[in-house]
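Note sheet for the following structure.
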Amino acid sequence: MENSLGFFGKFGGAYVSDNLKTEMQKIQKSYNELKAKQSFISEMKYIRRTYQGRPTPISYAKNLSQEIGGAKIYFKREDLNHTGSHKLNHCIGEVLLAKYMGKKKVIAETGAGQHGVAMATASAYLGIKCDIYMGAKDIVKEKPNVQRMQLLGAKVISVEHGQQSLKEAVDSAFEAYLQDVDNSLYCIGSVVGPHPFPSMIRDYQMIIGEEAKEQMLADTGNLPNAVVACVGGGSNAIGIFSGFINDTQVALYGVEPLGKGTKLGSHAAAVAYGKEGIIHGFKSLVLMDNDGNPAPVYSIASGLDYPSVGPEHAYLHTIKRVKYVQINDEECLEAFYTLPKKEGIIPALESAHAVAYGIKLAKQMSSEKQILINLSGRGDKDIDFVMKKYGLR
Ligand SMILES: *Cc1c(COP(=O)(O)O)cnc(C)c1O
C-alpha cells in the first residue's frame with residue numbers, strides 16, 4: 001500500500017535530520033532482511049504461541065447482542081494477550097529487531113505506562129536493557145505501572161521539565177536515542193513516526209486481522225459485515241483492518257475519542273478535526289493550534305490522546321476505505337459499565353470507545369448481520385480511576 005519511501009498517498013515519509021535519515025534507512029534495511037528470514041518467522045510464531053497467548057479467541061457477545069436485538073456482536077480478544085493488550089504484538093517485534101541489529105538497549109517513552117510495561121516485558125523476556133522515559137507527573141499518577149516496569153528490570157527515567165508529561169517524555173527519549181544511536185533502538189508505540197515505523201508496526205499487528213478473518217469464517221461461515229476498532233495512533237485498528245482491507249464488502253470503522261466535545265483541546269479526534277501537517281517525523285492529519293503547533297489533546301482514555309494519527313489511517317480516510325467516527329467520554333463510560341455486567345469482560349477505556357460505537361451500529365443493523373469489535377485491552381488498569389471519579393453505576 002505504501003511506496004518505498006513510506007508514503008501512503010501523500011501521508012507518511014521520513015521528515016527527519018540527515019543523520020537520523022541514515023539511521024532510519026539502516027533500520028529499514030535490517031527489518032527487510034529480518035522479515036524475510038525463516039528463523040525469524042518461526043521464532044515470532046513460537047513466542048506468540050508459547051509466551052504471548054496467541055491466537056487470541058473471538059467471543060460471541062450473546063447477552064449483549066440479544067439485548068440490542070440487532071446485528072450479532074463478536075469481540076476479538078486482544079485483552080487476553082500477556083500484559084493485557086495488543087501492544088506486546090509490536091514490542092516483541094521491535095526488541096527482536098534491536099537484537100538483530102546488535103543494539104545493547106531499547107529506549108521508549110510512555111504516558112500512562114502501557115507501552116512502557118509491554119516494552120519492559122519484551123525486553124526482560126528477550127534479554128536486553130530497557131530505558132523508559134516518563135513525565136514526573138505521570139510517574140506519580142501511574143504508580144502501579146511504574147512499579148511493574150521496575151519489577152521487570154527496566155530503568156524508569158523521570159522527565160522533570162515543562163509539563164512533565166508525555167510530550168516532554170517523547171522529547172527526552174528521543175534526545176537520549178540521538179546521543180547513542182549506535183548502541184540503542186528507539187521503539188515507537190504505535191503506527192506513527194518516520195518511515196519505516198508505521199509499516200513495521202503495522203506488519204507486527206497484522207496478526208490480529210489474519211487470525212480474526214480465519215476465526216470468523218471458521219466459527220460463523222461468513223466474514224463480518226463491519227469491523228470496529230478504536231484509534232489512538234492507530235496500531236490495533238490497522239492490525240485488525242488489514243485482515244479485511246481487500247474484502248470491500250466489509251465496512252471498516254475507526255473510532256476516535258471525542259472527549260468532552262468538539263472544541264480544540266477537548267478531544268483527540270485527529271482525522272475528524274486535524275489538518276495536513278508534520279509531527280514526530282511524518283506527515284499526517286494533525287490537530288494544530290493557530291500557530292501550526294500540535295494542539296493539546298484530551299481523552300478519558302490516555303492511550304488515545306495523541307494529536308495525530310498514523311499516516312496509513314490518514315490515507316484510508318482520504319480514499320474512503322475506512323470511515324472514522326467519534327465517541328465521547330460519556331458514551332465510552334456507558335460501554336465500560338455495560339460490558340462487565342453483560343459479558344463478564346472489563347474493557348480498557350480505549351477499547352470501550354470501539355464497544356460504544358459497535359453497540360450504536362448493531363442497533364441499526366438486522367440480526368443476520370455480524371459486527372466484529374477489536375477489544376484492544378483489558379480494563380484492570382482503569383478500575384481505580386473510574387471508581388474514584390465516577391463510582392459504581
Ligand atoms: C495504547 C492502547 C491503545 C491505543 O493505541 P493504538 O496504537 O491506537 O492501538 C488502544 N487500546 C489499548 C488497550 C491500548 O493500550
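Going by the C-alpha cells order, chains are called A, B, ..., each with residues numbered from 1, while ligands are numbered from 1 in the order shown.
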Worksheet item: Could you name the residues that touch segment 122-132 of chain A at 7 Å or less, counting only C-alpha atoms, but leaving out those on the same chain fewer than 6 positions away, as a VMD selection string?
Response: chain A and resid 91 to 92 95 104 to 110 116 152 to 157
Practice prompt. Dump the neighbourhood of ligand 1 as a PyMOL selection string: all residues within 9 Å, distances computed on only C-alpha atoms and all ligand atoms.
Written response: chain A and resi 78-79+84-87+112-115+189-192+229-239+301-306+309-310+347-352+375-379
Worksheet entry | Members of segment 40-106 of chain A assigned helix (DSSP H, G or I) by DSSP, as number ranges by chain | A: 40-52, 62-68, 78-80, 82-84, 87-100
Output N, CA, C and O atoms for every residue in the selection just made, as a short mmCIF file (atom, residue, chain, number, x, y, z; two decimals), in the first residue's frame.
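Writing done, so here's result17.cif:
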```cif
data_model
loop_
_atom_site.label_atom_id
_atom_site.label_comp_id
_atom_site.auth_asym_id
_atom_site.auth_seq_id
_atom_site.Cartn_x
_atom_site.Cartn_y
_atom_site.Cartn_z
N PHE A 40 13.40 -16.08 11.77
CA PHE A 40 12.67 -15.00 12.47
C PHE A 40 11.17 -15.31 12.50
O PHE A 40 10.52 -15.17 13.54
N ILE A 41 10.64 -15.74 11.36
CA ILE A 41 9.22 -16.05 11.28
C ILE A 41 8.87 -17.17 12.26
O ILE A 41 7.88 -17.07 13.00
N SER A 42 9.73 -18.18 12.34
CA SER A 42 9.49 -19.28 13.28
C SER A 42 9.58 -18.81 14.73
O SER A 42 8.76 -19.20 15.57
N GLU A 43 10.56 -17.98 15.03
CA GLU A 43 10.73 -17.50 16.40
C GLU A 43 9.52 -16.68 16.85
O GLU A 43 9.00 -16.83 17.96
N MET A 44 9.06 -15.80 15.96
CA MET A 44 7.89 -14.97 16.23
C MET A 44 6.68 -15.85 16.52
O MET A 44 5.96 -15.63 17.49
N LYS A 45 6.46 -16.85 15.68
CA LYS A 45 5.34 -17.77 15.86
C LYS A 45 5.43 -18.49 17.20
O LYS A 45 4.45 -18.63 17.91
N TYR A 46 6.66 -18.93 17.52
CA TYR A 46 6.89 -19.67 18.76
C TYR A 46 6.58 -18.79 19.98
O TYR A 46 5.89 -19.21 20.91
N ILE A 47 7.08 -17.56 19.95
CA ILE A 47 6.86 -16.64 21.08
C ILE A 47 5.37 -16.34 21.24
O ILE A 47 4.83 -16.35 22.34
N ARG A 48 4.72 -16.10 20.11
CA ARG A 48 3.29 -15.77 20.17
C ARG A 48 2.49 -16.94 20.77
O ARG A 48 1.58 -16.73 21.56
N ARG A 49 2.85 -18.14 20.41
CA ARG A 49 2.08 -19.30 20.86
C ARG A 49 2.41 -19.67 22.31
O ARG A 49 1.52 -19.94 23.11
N THR A 50 3.71 -19.63 22.67
CA THR A 50 4.09 -20.20 23.96
C THR A 50 4.24 -19.16 25.07
O THR A 50 4.34 -19.52 26.24
N TYR A 51 4.28 -17.89 24.71
CA TYR A 51 4.52 -16.86 25.74
C TYR A 51 3.42 -15.80 25.77
O TYR A 51 2.97 -15.39 26.83
N GLN A 52 3.01 -15.40 24.57
CA GLN A 52 2.09 -14.27 24.49
C GLN A 52 0.63 -14.65 24.65
O GLN A 52 -0.20 -13.82 25.05
N LYS A 62 -23.19 -12.86 23.33
CA LYS A 62 -24.56 -13.36 23.19
C LYS A 62 -25.56 -12.46 23.94
O LYS A 62 -26.58 -12.06 23.39
N ASN A 63 -25.24 -12.17 25.19
CA ASN A 63 -26.20 -11.40 26.00
C ASN A 63 -26.39 -9.99 25.46
O ASN A 63 -27.50 -9.49 25.35
N LEU A 64 -25.28 -9.37 25.14
CA LEU A 64 -25.32 -8.00 24.61
C LEU A 64 -26.09 -7.97 23.29
O LEU A 64 -26.96 -7.11 23.08
N SER A 65 -25.79 -8.91 22.41
CA SER A 65 -26.45 -8.95 21.10
C SER A 65 -27.95 -9.16 21.26
O SER A 65 -28.75 -8.51 20.58
N GLN A 66 -28.33 -10.08 22.16
CA GLN A 66 -29.76 -10.35 22.36
C GLN A 66 -30.48 -9.13 22.89
O GLN A 66 -31.58 -8.81 22.47
N GLU A 67 -29.84 -8.43 23.81
CA GLU A 67 -30.47 -7.24 24.37
C GLU A 67 -30.67 -6.17 23.30
O GLU A 67 -31.71 -5.51 23.24
N ILE A 68 -29.67 -5.99 22.44
CA ILE A 68 -29.77 -4.98 21.40
C ILE A 68 -30.80 -5.37 20.35
O ILE A 68 -31.55 -4.54 19.86
N GLU A 78 -8.05 -9.18 22.16
CA GLU A 78 -6.67 -8.75 22.38
C GLU A 78 -6.39 -8.45 23.86
O GLU A 78 -5.24 -8.36 24.28
N ASP A 79 -7.49 -8.30 24.63
CA ASP A 79 -7.31 -8.12 26.09
C ASP A 79 -6.68 -9.36 26.73
O ASP A 79 -6.16 -9.27 27.84
N LEU A 80 -6.72 -10.49 26.03
CA LEU A 80 -6.16 -11.72 26.60
C LEU A 80 -4.69 -11.94 26.27
O LEU A 80 -4.10 -12.94 26.68
N HIS A 82 -0.76 -11.53 26.91
CA HIS A 82 0.09 -11.26 28.07
C HIS A 82 0.31 -9.76 28.17
O HIS A 82 0.54 -9.10 27.14
N THR A 83 0.24 -9.21 29.35
CA THR A 83 0.28 -7.78 29.71
C THR A 83 -1.02 -7.04 29.36
O THR A 83 -1.11 -5.85 29.60
N GLY A 84 -2.02 -7.74 28.80
CA GLY A 84 -3.36 -7.17 28.76
C GLY A 84 -3.75 -6.30 27.59
O GLY A 84 -4.80 -5.67 27.64
N LYS A 87 -0.44 -4.41 22.59
CA LYS A 87 0.86 -3.74 22.44
C LYS A 87 2.04 -4.71 22.37
O LYS A 87 3.03 -4.44 21.70
N LEU A 88 1.92 -5.85 23.04
CA LEU A 88 3.05 -6.80 23.02
C LEU A 88 3.31 -7.32 21.60
O LEU A 88 4.44 -7.70 21.28
N ASN A 89 2.27 -7.31 20.74
CA ASN A 89 2.47 -7.75 19.34
C ASN A 89 3.63 -7.01 18.69
O ASN A 89 4.47 -7.60 18.03
N HIS A 90 3.69 -5.69 18.86
CA HIS A 90 4.77 -4.96 18.19
C HIS A 90 6.01 -4.79 19.07
O HIS A 90 7.12 -4.69 18.54
N CYS A 91 5.84 -4.82 20.39
CA CYS A 91 7.03 -4.67 21.25
C CYS A 91 7.98 -5.86 21.09
O CYS A 91 9.20 -5.68 21.01
N ILE A 92 7.42 -7.06 21.01
CA ILE A 92 8.27 -8.25 20.78
C ILE A 92 9.02 -8.07 19.46
O ILE A 92 10.25 -8.30 19.38
N GLY A 93 8.31 -7.62 18.44
CA GLY A 93 8.93 -7.43 17.12
C GLY A 93 10.05 -6.40 17.16
O GLY A 93 11.13 -6.62 16.60
N GLU A 94 9.81 -5.29 17.83
CA GLU A 94 10.83 -4.24 17.89
C GLU A 94 12.07 -4.69 18.65
O GLU A 94 13.20 -4.38 18.26
N VAL A 95 11.86 -5.43 19.74
CA VAL A 95 13.02 -5.88 20.52
C VAL A 95 13.81 -6.93 19.74
O VAL A 95 15.05 -6.93 19.76
N LEU A 96 13.11 -7.81 19.01
CA LEU A 96 13.82 -8.77 18.16
C LEU A 96 14.66 -8.05 17.11
O LEU A 96 15.79 -8.43 16.84
N LEU A 97 14.12 -6.97 16.56
CA LEU A 97 14.87 -6.19 15.57
C LEU A 97 16.11 -5.55 16.21
O LEU A 97 17.20 -5.58 15.64
N ALA A 98 15.93 -4.99 17.41
CA ALA A 98 17.06 -4.36 18.12
C ALA A 98 18.19 -5.37 18.31
O ALA A 98 19.37 -5.07 18.08
N LYS A 99 17.82 -6.58 18.70
CA LYS A 99 18.84 -7.61 18.92
C LYS A 99 19.50 -8.01 17.61
O LYS A 99 20.71 -8.19 17.55
N TYR A 100 18.70 -8.13 16.56
CA TYR A 100 19.24 -8.49 15.25
C TYR A 100 20.25 -7.44 14.78
O TYR A 100 21.27 -7.76 14.17
#
```
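The shortest atom-to-atom distance to Met24 of chain A, with only C-alpha atoms taken into account, belongs to A:Leu185 out of A:Val117, A:Val159, A:Leu185, A:Met1.
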Item to complete: Point out the residue among A:Pro311, A:Met134, A:Tyr31, A:Glu331 with the least atom-to-atom distance to Gly281 of chain A, counting only C-alpha atoms.
Response: A:Pro311
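The nearest approach to Leu34 of chain A among the residues A:Met200, A:Ala362, A:Glu160, A:Leu316, with only C-alpha atoms taken into account, belongs to A:Met200.
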I'd like the contact shell of Gln163 of chain A - 9 Å cut-off, only C-alpha atoms, skipping same-chain residues fewer than 4 positions apart - returned as a compact mmCIF listing (two decimals) with N, CA and C atoms, in the first residue's frame.
```
# COMPACT_ATOMS: atom_id res chain seq x y z
N GLY A 135 7.12 11.26 32.11
CA GLY A 135 6.95 12.55 32.77
C GLY A 135 6.81 12.38 34.28
N ALA A 136 7.41 13.30 35.04
CA ALA A 136 7.37 13.19 36.50
C ALA A 136 5.94 13.15 37.02
N LYS A 137 5.06 13.90 36.38
CA LYS A 137 3.65 13.90 36.82
C LYS A 137 2.98 12.57 36.56
N LYS A 167 4.52 14.55 26.23
CA LYS A 167 5.26 15.26 25.17
C LYS A 167 6.73 15.43 25.55
N GLU A 168 6.97 15.83 26.81
CA GLU A 168 8.36 16.00 27.28
C GLU A 168 9.08 14.65 27.33
```
